[in-house]
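Source file: upload.pdb. Holds: PDB, C-alpha atoms, pLDDT in the B column.
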ATOM      1  CA  MET A   1      10.858  14.422  -4.855  1.00 88.00           C
ATOM      2  CA  MET A   2       9.613  10.851  -4.687  1.00 93.00           C
ATOM      3  CA  ASP A   3       6.210  10.118  -6.248  1.00 96.00           C
ATOM      4  CA  ILE A   4       4.171   7.449  -4.446  1.00 98.00           C
ATOM      5  CA  ARG A   5       0.605   6.328  -4.907  1.00 98.00           C
ATOM      6  CA  LEU A   6      -1.461   4.027  -2.709  1.00 98.00           C
ATOM      7  CA  ILE A   7      -4.392   2.272  -4.330  1.00 98.00           C
ATOM      8  CA  CYS A   8      -6.591   0.647  -1.708  1.00 98.00           C
ATOM      9  CA  VAL A   9      -9.801  -1.338  -1.593  1.00 97.00           C
ATOM     10  CA  GLY A  10     -12.539   0.390   0.353  1.00 96.00           C
ATOM     11  CA  ARG A  11     -12.909   3.585   2.322  1.00 95.00           C
ATOM     12  CA  LEU A  12     -11.682   4.120   5.846  1.00 96.00           C
ATOM     13  CA  LYS A  13     -15.002   4.189   7.685  1.00 92.00           C
ATOM     14  CA  GLU A  14     -13.766   4.398  11.261  1.00 96.00           C
ATOM     15  CA  ASN A  15     -12.548   7.735  12.620  1.00 97.00           C
ATOM     16  CA  HIS A  16      -9.430   6.209  14.174  1.00 97.00           C
ATOM     17  CA  TRP A  17      -8.244   4.820  10.812  1.00 97.00           C
ATOM     18  CA  SER A  18      -8.997   8.005   8.866  1.00 97.00           C
ATOM     19  CA  GLY A  19      -7.442  10.134  11.621  1.00 98.00           C
ATOM     20  CA  ALA A  20      -4.251   8.078  11.543  1.00 98.00           C
ATOM     21  CA  GLN A  21      -4.118   8.283   7.748  1.00 98.00           C
ATOM     22  CA  LYS A  22      -4.602  12.050   7.864  1.00 98.00           C
ATOM     23  CA  GLU A  23      -1.783  12.415  10.391  1.00 98.00           C
ATOM     24  CA  TYR A  24       0.697  10.370   8.332  1.00 98.00           C
ATOM     25  CA  LEU A  25      -0.255  12.141   5.111  1.00 98.00           C
ATOM     26  CA  LYS A  26       0.515  15.441   6.876  1.00 98.00           C
ATOM     27  CA  ARG A  27       3.851  14.118   8.171  1.00 97.00           C
ATOM     28  CA  LEU A  28       4.820  12.795   4.733  1.00 97.00           C
ATOM     29  CA  ARG A  29       4.027  15.998   2.824  1.00 97.00           C
ATOM     30  CA  PRO A  30       7.564  17.474   3.143  1.00 96.00           C
ATOM     31  CA  TYR A  31       9.213  14.289   1.874  1.00 95.00           C
ATOM     32  CA  LEU A  32       7.251  13.016  -1.105  1.00 95.00           C
ATOM     33  CA  ARG A  33       4.260  13.406  -3.369  1.00 96.00           C
ATOM     34  CA  LEU A  34       1.716  10.930  -2.082  1.00 97.00           C
ATOM     35  CA  LYS A  35      -1.719  10.228  -3.451  1.00 97.00           C
ATOM     36  CA  VAL A  36      -4.214   7.797  -1.926  1.00 98.00           C
ATOM     37  CA  GLU A  37      -6.862   6.337  -4.236  1.00 98.00           C
ATOM     38  CA  GLU A  38      -9.677   4.027  -3.236  1.00 98.00           C
ATOM     39  CA  VAL A  39     -11.653   1.532  -5.251  1.00 98.00           C
ATOM     40  CA  GLU A  40     -15.028   0.211  -4.217  1.00 96.00           C
ATOM     41  CA  ALA A  41     -15.024  -2.810  -1.922  1.00 95.00           C
ATOM     42  CA  GLU A  42     -17.075  -5.765  -3.080  1.00 92.00           C
ATOM     43  CA  PRO A  43     -19.532  -7.097  -0.526  1.00 85.00           C
ATOM     44  CA  ILE A  44     -19.258 -10.755   0.370  1.00 80.00           C
ATOM     45  CA  SER A  45     -22.598 -12.508   0.633  1.00 84.00           C
ATOM     46  CA  ARG A  46     -24.298 -15.798  -0.101  1.00 85.00           C
ATOM     47  CA  THR A  47     -24.606 -14.729  -3.726  1.00 86.00           C
ATOM     48  CA  VAL A  48     -21.044 -13.325  -4.030  1.00 86.00           C
ATOM     49  CA  PRO A  49     -18.436 -15.838  -2.822  1.00 90.00           C
ATOM     50  CA  PRO A  50     -15.044 -14.593  -1.561  1.00 91.00           C
ATOM     51  CA  GLU A  51     -13.171 -15.623  -4.737  1.00 93.00           C
ATOM     52  CA  GLU A  52     -15.575 -13.605  -6.891  1.00 93.00           C
ATOM     53  CA  SER A  53     -15.231 -10.643  -4.551  1.00 94.00           C
ATOM     54  CA  LYS A  54     -11.430 -10.894  -4.807  1.00 95.00           C
ATOM     55  CA  ARG A  55     -11.605 -11.074  -8.607  1.00 96.00           C
ATOM     56  CA  ARG A  56     -13.854  -8.011  -8.892  1.00 96.00           C
ATOM     57  CA  GLU A  57     -11.798  -5.899  -6.491  1.00 97.00           C
ATOM     58  CA  SER A  58      -8.555  -6.911  -8.192  1.00 98.00           C
ATOM     59  CA  GLU A  59     -10.019  -5.906 -11.553  1.00 98.00           C
ATOM     60  CA  ARG A  60     -10.872  -2.481 -10.160  1.00 98.00           C
ATOM     61  CA  LEU A  61      -7.349  -2.139  -8.819  1.00 98.00           C
ATOM     62  CA  SER A  62      -5.773  -3.332 -12.082  1.00 98.00           C
ATOM     63  CA  ASP A  63      -7.771  -0.794 -14.061  1.00 98.00           C
ATOM     64  CA  ARG A  64      -5.961   1.962 -12.144  1.00 97.00           C
ATOM     65  CA  LEU A  65      -2.452   0.639 -12.817  1.00 98.00           C
ATOM     66  CA  THR A  66      -0.181   1.703 -15.656  1.00 95.00           C
ATOM     67  CA  ASP A  67       2.841   0.059 -17.249  1.00 91.00           C
ATOM     68  CA  ASP A  68       5.221   2.922 -16.432  1.00 92.00           C
ATOM     69  CA  GLU A  69       5.085   2.567 -12.639  1.00 95.00           C
ATOM     70  CA  LEU A  70       6.635   0.113 -10.219  1.00 97.00           C
ATOM     71  CA  ILE A  71       3.771  -1.900  -8.716  1.00 98.00           C
ATOM     72  CA  VAL A  72       4.286  -3.057  -5.139  1.00 98.00           C
ATOM     73  CA  VAL A  73       1.588  -5.198  -3.545  1.00 98.00           C
ATOM     74  CA  LEU A  74       1.070  -5.993   0.095  1.00 97.00           C
ATOM     75  CA  ASP A  75       0.877  -9.758   0.355  1.00 95.00           C
ATOM     76  CA  ARG A  76       1.408 -12.062   3.307  1.00 92.00           C
ATOM     77  CA  ARG A  77       3.809 -14.181   1.201  1.00 93.00           C
ATOM     78  CA  GLY A  78       5.892 -11.171   0.173  1.00 96.00           C
ATOM     79  CA  ASP A  79       9.340 -10.104   1.317  1.00 97.00           C
ATOM     80  CA  ARG A  80       9.625  -9.116   4.964  1.00 96.00           C
ATOM     81  CA  LEU A  81      11.758  -5.997   5.025  1.00 96.00           C
ATOM     82  CA  PRO A  82      13.152  -4.388   8.154  1.00 96.00           C
ATOM     83  CA  SER A  83      12.474  -0.638   8.149  1.00 95.00           C
ATOM     84  CA  GLY A  84      16.035   0.214   7.069  1.00 95.00           C
ATOM     85  CA  ASP A  85      15.814  -2.144   4.095  1.00 97.00           C
ATOM     86  CA  PHE A  86      12.424  -0.702   3.167  1.00 97.00           C
ATOM     87  CA  ALA A  87      13.954   2.797   3.220  1.00 96.00           C
ATOM     88  CA  ARG A  88      16.796   1.636   0.950  1.00 96.00           C
ATOM     89  CA  PHE A  89      14.277   0.018  -1.405  1.00 97.00           C
ATOM     90  CA  LEU A  90      12.408   3.320  -1.660  1.00 97.00           C
ATOM     91  CA  ARG A  91      15.628   5.232  -2.319  1.00 95.00           C
ATOM     92  CA  GLN A  92      16.716   2.796  -5.034  1.00 95.00           C
ATOM     93  CA  GLU A  93      13.359   2.428  -6.777  1.00 95.00           C
ATOM     94  CA  GLY A  94      11.819   5.844  -6.137  1.00 91.00           C
ATOM     95  CA  GLU A  95      14.042   7.728  -8.533  1.00 82.00           C
ATOM     96  CA  PRO A  96      12.746  11.018  -9.977  1.00 80.00           C
ATOM     97  CA  GLY A  97      10.349  10.478 -12.848  1.00 82.00           C
ATOM     98  CA  ARG A  98       9.278   7.047 -11.654  1.00 90.00           C
ATOM     99  CA  ARG A  99       6.144   6.420  -9.642  1.00 95.00           C
ATOM    100  CA  LEU A 100       5.923   3.721  -7.003  1.00 98.00           C
ATOM    101  CA  THR A 101       2.398   2.385  -6.598  1.00 98.00           C
ATOM    102  CA  PHE A 102       1.504   0.371  -3.527  1.00 98.00           C
ATOM    103  CA  VAL A 103      -1.595  -1.810  -3.758  1.00 98.00           C
ATOM    104  CA  VAL A 104      -3.565  -2.719  -0.631  1.00 98.00           C
ATOM    105  CA  GLY A 105      -6.234  -5.357  -1.207  1.00 97.00           C
ATOM    106  CA  GLY A 106      -9.484  -5.838   0.641  1.00 95.00           C
ATOM    107  CA  THR A 107     -10.779  -8.473   3.015  1.00 92.00           C
ATOM    108  CA  THR A 108     -10.305 -11.321   0.517  1.00 93.00           C
ATOM    109  CA  GLY A 109      -6.845 -10.292  -0.681  1.00 94.00           C
ATOM    110  CA  LEU A 110      -5.607  -9.944  -4.257  1.00 97.00           C
ATOM    111  CA  SER A 111      -6.090 -12.157  -7.294  1.00 97.00           C
ATOM    112  CA  ASP A 112      -3.249 -14.279  -8.651  1.00 97.00           C
ATOM    113  CA  GLU A 113      -3.337 -12.179 -11.836  1.00 97.00           C
ATOM    114  CA  LEU A 114      -2.760  -8.949  -9.950  1.00 98.00           C
ATOM    115  CA  LEU A 115      -0.032 -10.527  -7.825  1.00 98.00           C
ATOM    116  CA  ALA A 116       1.707 -11.697 -11.006  1.00 97.00           C
ATOM    117  CA  ARG A 117       1.500  -8.197 -12.491  1.00 96.00           C
ATOM    118  CA  SER A 118       3.374  -6.662  -9.559  1.00 97.00           C
ATOM    119  CA  GLN A 119       7.124  -6.177  -9.604  1.00 97.00           C
ATOM    120  CA  LYS A 120       7.477  -6.448  -5.826  1.00 97.00           C
ATOM    121  CA  LYS A 121       5.553  -8.135  -3.027  1.00 98.00           C
ATOM    122  CA  ILE A 122       5.973  -6.946   0.544  1.00 98.00           C
ATOM    123  CA  SER A 123       4.624  -8.490   3.722  1.00 97.00           C
ATOM    124  CA  LEU A 124       4.052  -6.220   6.705  1.00 96.00           C
ATOM    125  CA  SER A 125       4.146  -9.146   9.126  1.00 93.00           C
ATOM    126  CA  GLU A 126       3.527 -12.835   9.488  1.00 90.00           C
ATOM    127  CA  MET A 127       0.351 -11.799  11.270  1.00 91.00           C
ATOM    128  CA  THR A 128      -2.852 -10.966   9.438  1.00 89.00           C
ATOM    129  CA  PHE A 129      -4.227  -7.413   9.748  1.00 91.00           C
ATOM    130  CA  PRO A 130      -7.485  -5.813   8.669  1.00 93.00           C
ATOM    131  CA  HIS A 131      -6.865  -4.003   5.365  1.00 92.00           C
ATOM    132  CA  GLU A 132      -7.627  -0.643   7.022  1.00 95.00           C
ATOM    133  CA  LEU A 133      -4.867  -1.219   9.573  1.00 97.00           C
ATOM    134  CA  ALA A 134      -2.489  -2.460   6.872  1.00 97.00           C
ATOM    135  CA  ARG A 135      -2.956   0.864   5.071  1.00 97.00           C
ATOM    136  CA  VAL A 136      -2.116   2.816   8.224  1.00 98.00           C
ATOM    137  CA  ILE A 137       0.915   0.604   8.942  1.00 98.00           C
ATOM    138  CA  LEU A 138       2.152   1.160   5.381  1.00 98.00           C
ATOM    139  CA  LEU A 139       1.793   4.935   5.782  1.00 98.00           C
ATOM    140  CA  GLU A 140       3.674   4.807   9.087  1.00 98.00           C
ATOM    141  CA  GLN A 141       6.449   2.760   7.467  1.00 97.00           C
ATOM    142  CA  LEU A 142       6.675   5.237   4.592  1.00 98.00           C
ATOM    143  CA  TYR A 143       7.099   8.021   7.149  1.00 97.00           C
ATOM    144  CA  ARG A 144       9.671   6.010   9.098  1.00 97.00           C
ATOM    145  CA  ALA A 145      11.571   5.327   5.854  1.00 97.00           C
ATOM    146  CA  MET A 146      11.633   9.022   4.984  1.00 96.00           C
ATOM    147  CA  THR A 147      13.004   9.870   8.413  1.00 96.00           C
ATOM    148  CA  ILE A 148      15.693   7.205   7.999  1.00 96.00           C
ATOM    149  CA  LEU A 149      16.650   8.514   4.554  1.00 95.00           C
ATOM    150  CA  THR A 150      16.815  12.126   5.729  1.00 95.00           C
ATOM    151  CA  GLY A 151      18.490  11.426   9.082  1.00 94.00           C
ATOM    152  CA  LYS A 152      15.566  12.785  11.067  1.00 92.00           C
ATOM    153  CA  ARG A 153      15.223  11.347  14.547  1.00 86.00           C
ATOM    154  CA  TYR A 154      12.300   8.942  14.952  1.00 80.00           C
ATOM    155  CA  HIS A 155      11.772   5.713  16.880  1.00 66.00           C
ATOM    156  CA  TYR A 156      14.160   3.043  15.579  1.00 56.00           C
TER     157      TYR A 156
END
Show how you would write the structure in this file as structure tokens.
Amino acid sequence: MMDIRLICVGRLKENHWSGAQKEYLKRLRPYLRLKVEEVEAEPISRTVPPEESKRRESERLSDRLTDDELIVVLDRRGDRLPSGDFARFLRQEGEPGRRLTFVVGGTTGLSDELLARSQKKISLSEMTFPHELARVILLEQLYRAMTILTGKRYHY
């Protein structure tokens, strides 16, 4: 069974985001081991500029990463994979005994250091999404990929 971890900045505060996450976690349970971890979001203010916020959040994310996992970050400059290609990527890289860790940054994105540490960068779209929505889209795409890999009927 595939082992996947999502490490995300911030909590899902809105009921619609947390409800969607809960639904996809339930749907994914038969297909893979999935763990969602959250690190504290850094407030942006007059005293904490966006670059400092990004650095602090990326440090928190980096502290959770290990060298024995494949690190995949969501980044607008990353590869744009159709759902079928994403499913094939998961099948190829998600071999037993290897954990895939997806990293979802916060409002300010991810530091250059964390981006460099990743083995794969994926873009969900050319559009920009709130990080809460990006998390839900990633979960939906994981579910879609599992249905593709197992031949289960789902919207194509």
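Nearest residue to Cys8 (chain A), choosing from A:Met127, A:Ala87, A:Leu65, A:Val39 and counting only C-alpha atoms: A:Val39.
Shortest separation to Gly151 (chain A) among A:Leu110, A:Gly84, A:Glu59, A:Ser118 occurs at residue A:Gly84, atoms counted being all atoms listed in the file.
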Taking the file above as input, evaluate the PyMOL selection byres ((chain A and resi 140) around 10) and report the hits as a ChimeraX atom specification.
-> /A:20-21,23-25,27-28,134-139,141-146
When the PyMOL selection byres ((chain A and resi 5) around 9) is applied to the file above, which residues end up in the set, as a list in words?
-> Asp3, Ile4, Leu6, Ile7, Arg33, Leu34, Lys35, Val36, Glu37, Arg99, Leu100, Thr101, Phe102 and Val103 of chain A
Using all atoms listed in the file, pick whichever of A:Ser53, A:Ser83, A:Thr150, A:Thr107 has the shortest atom-to-atom distance to Ser123 (chain A).
->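 That would be A:Ser83, the residue with the smallest distance to Ser123 (chain A).
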Enter the distance from CA of Trp17 (chain A) to CA of His131 (chain A), in Å, rounded to one decimal.
->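 Distance between the two atoms: 10.5 Å.
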Run the PyMOL selection byres ((chain A and resi 94) around 10) against the file shown and list the residues it catches, as a ChimeraX atom specification.
-> /A:1-4,32,69-70,88-93,95-100
Residues at most 8 Å from Arg11 (chain A), counting only C-alpha atoms, excluding those fewer than 2 positions away in the same chain, as a list of chain:residue names?
->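 Within the cut-off, the hits are A:Val9, A:Lys13, A:Glu38, A:Val39, A:Glu40, A:Ala41.
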Would you mind reading off the distance between CA of Asp63 (chain A) and CA of Glu126 (chain A), one decimal, in Å?
->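 If I compute the distance from CA of Asp63 (chain A) to CA of Glu126 (chain A), I get 28.8 Å.
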With 8 Å added on each side, what axis-aligned box encloses every listed atom of region 6-14 of chain A? Give the centre and edge lengths in Å to one decimal, as JSON.
{"center_x": -8.2, "center_y": 1.5, "center_z": 3.5, "size_x": 29.5, "size_y": 21.7, "size_z": 31.6}
Separation of CA of Leu133 (chain A) from CA of Gly10 (chain A), in Å and rounded to one decimal | 12.1 Å
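Of the listed residues (A:Gln119, A:Val72, A:Gly19, A:Ser111), A:Ser111 comes nearest to Glu52 (chain A); the distances count all atoms listed in the file.
When all atoms listed in the file are used to compute distances to Leu61 (chain A), the closest of the residues A:Gly106, A:Pro49, A:Pro82, A:Pro43 turns out to be A:Gly106.
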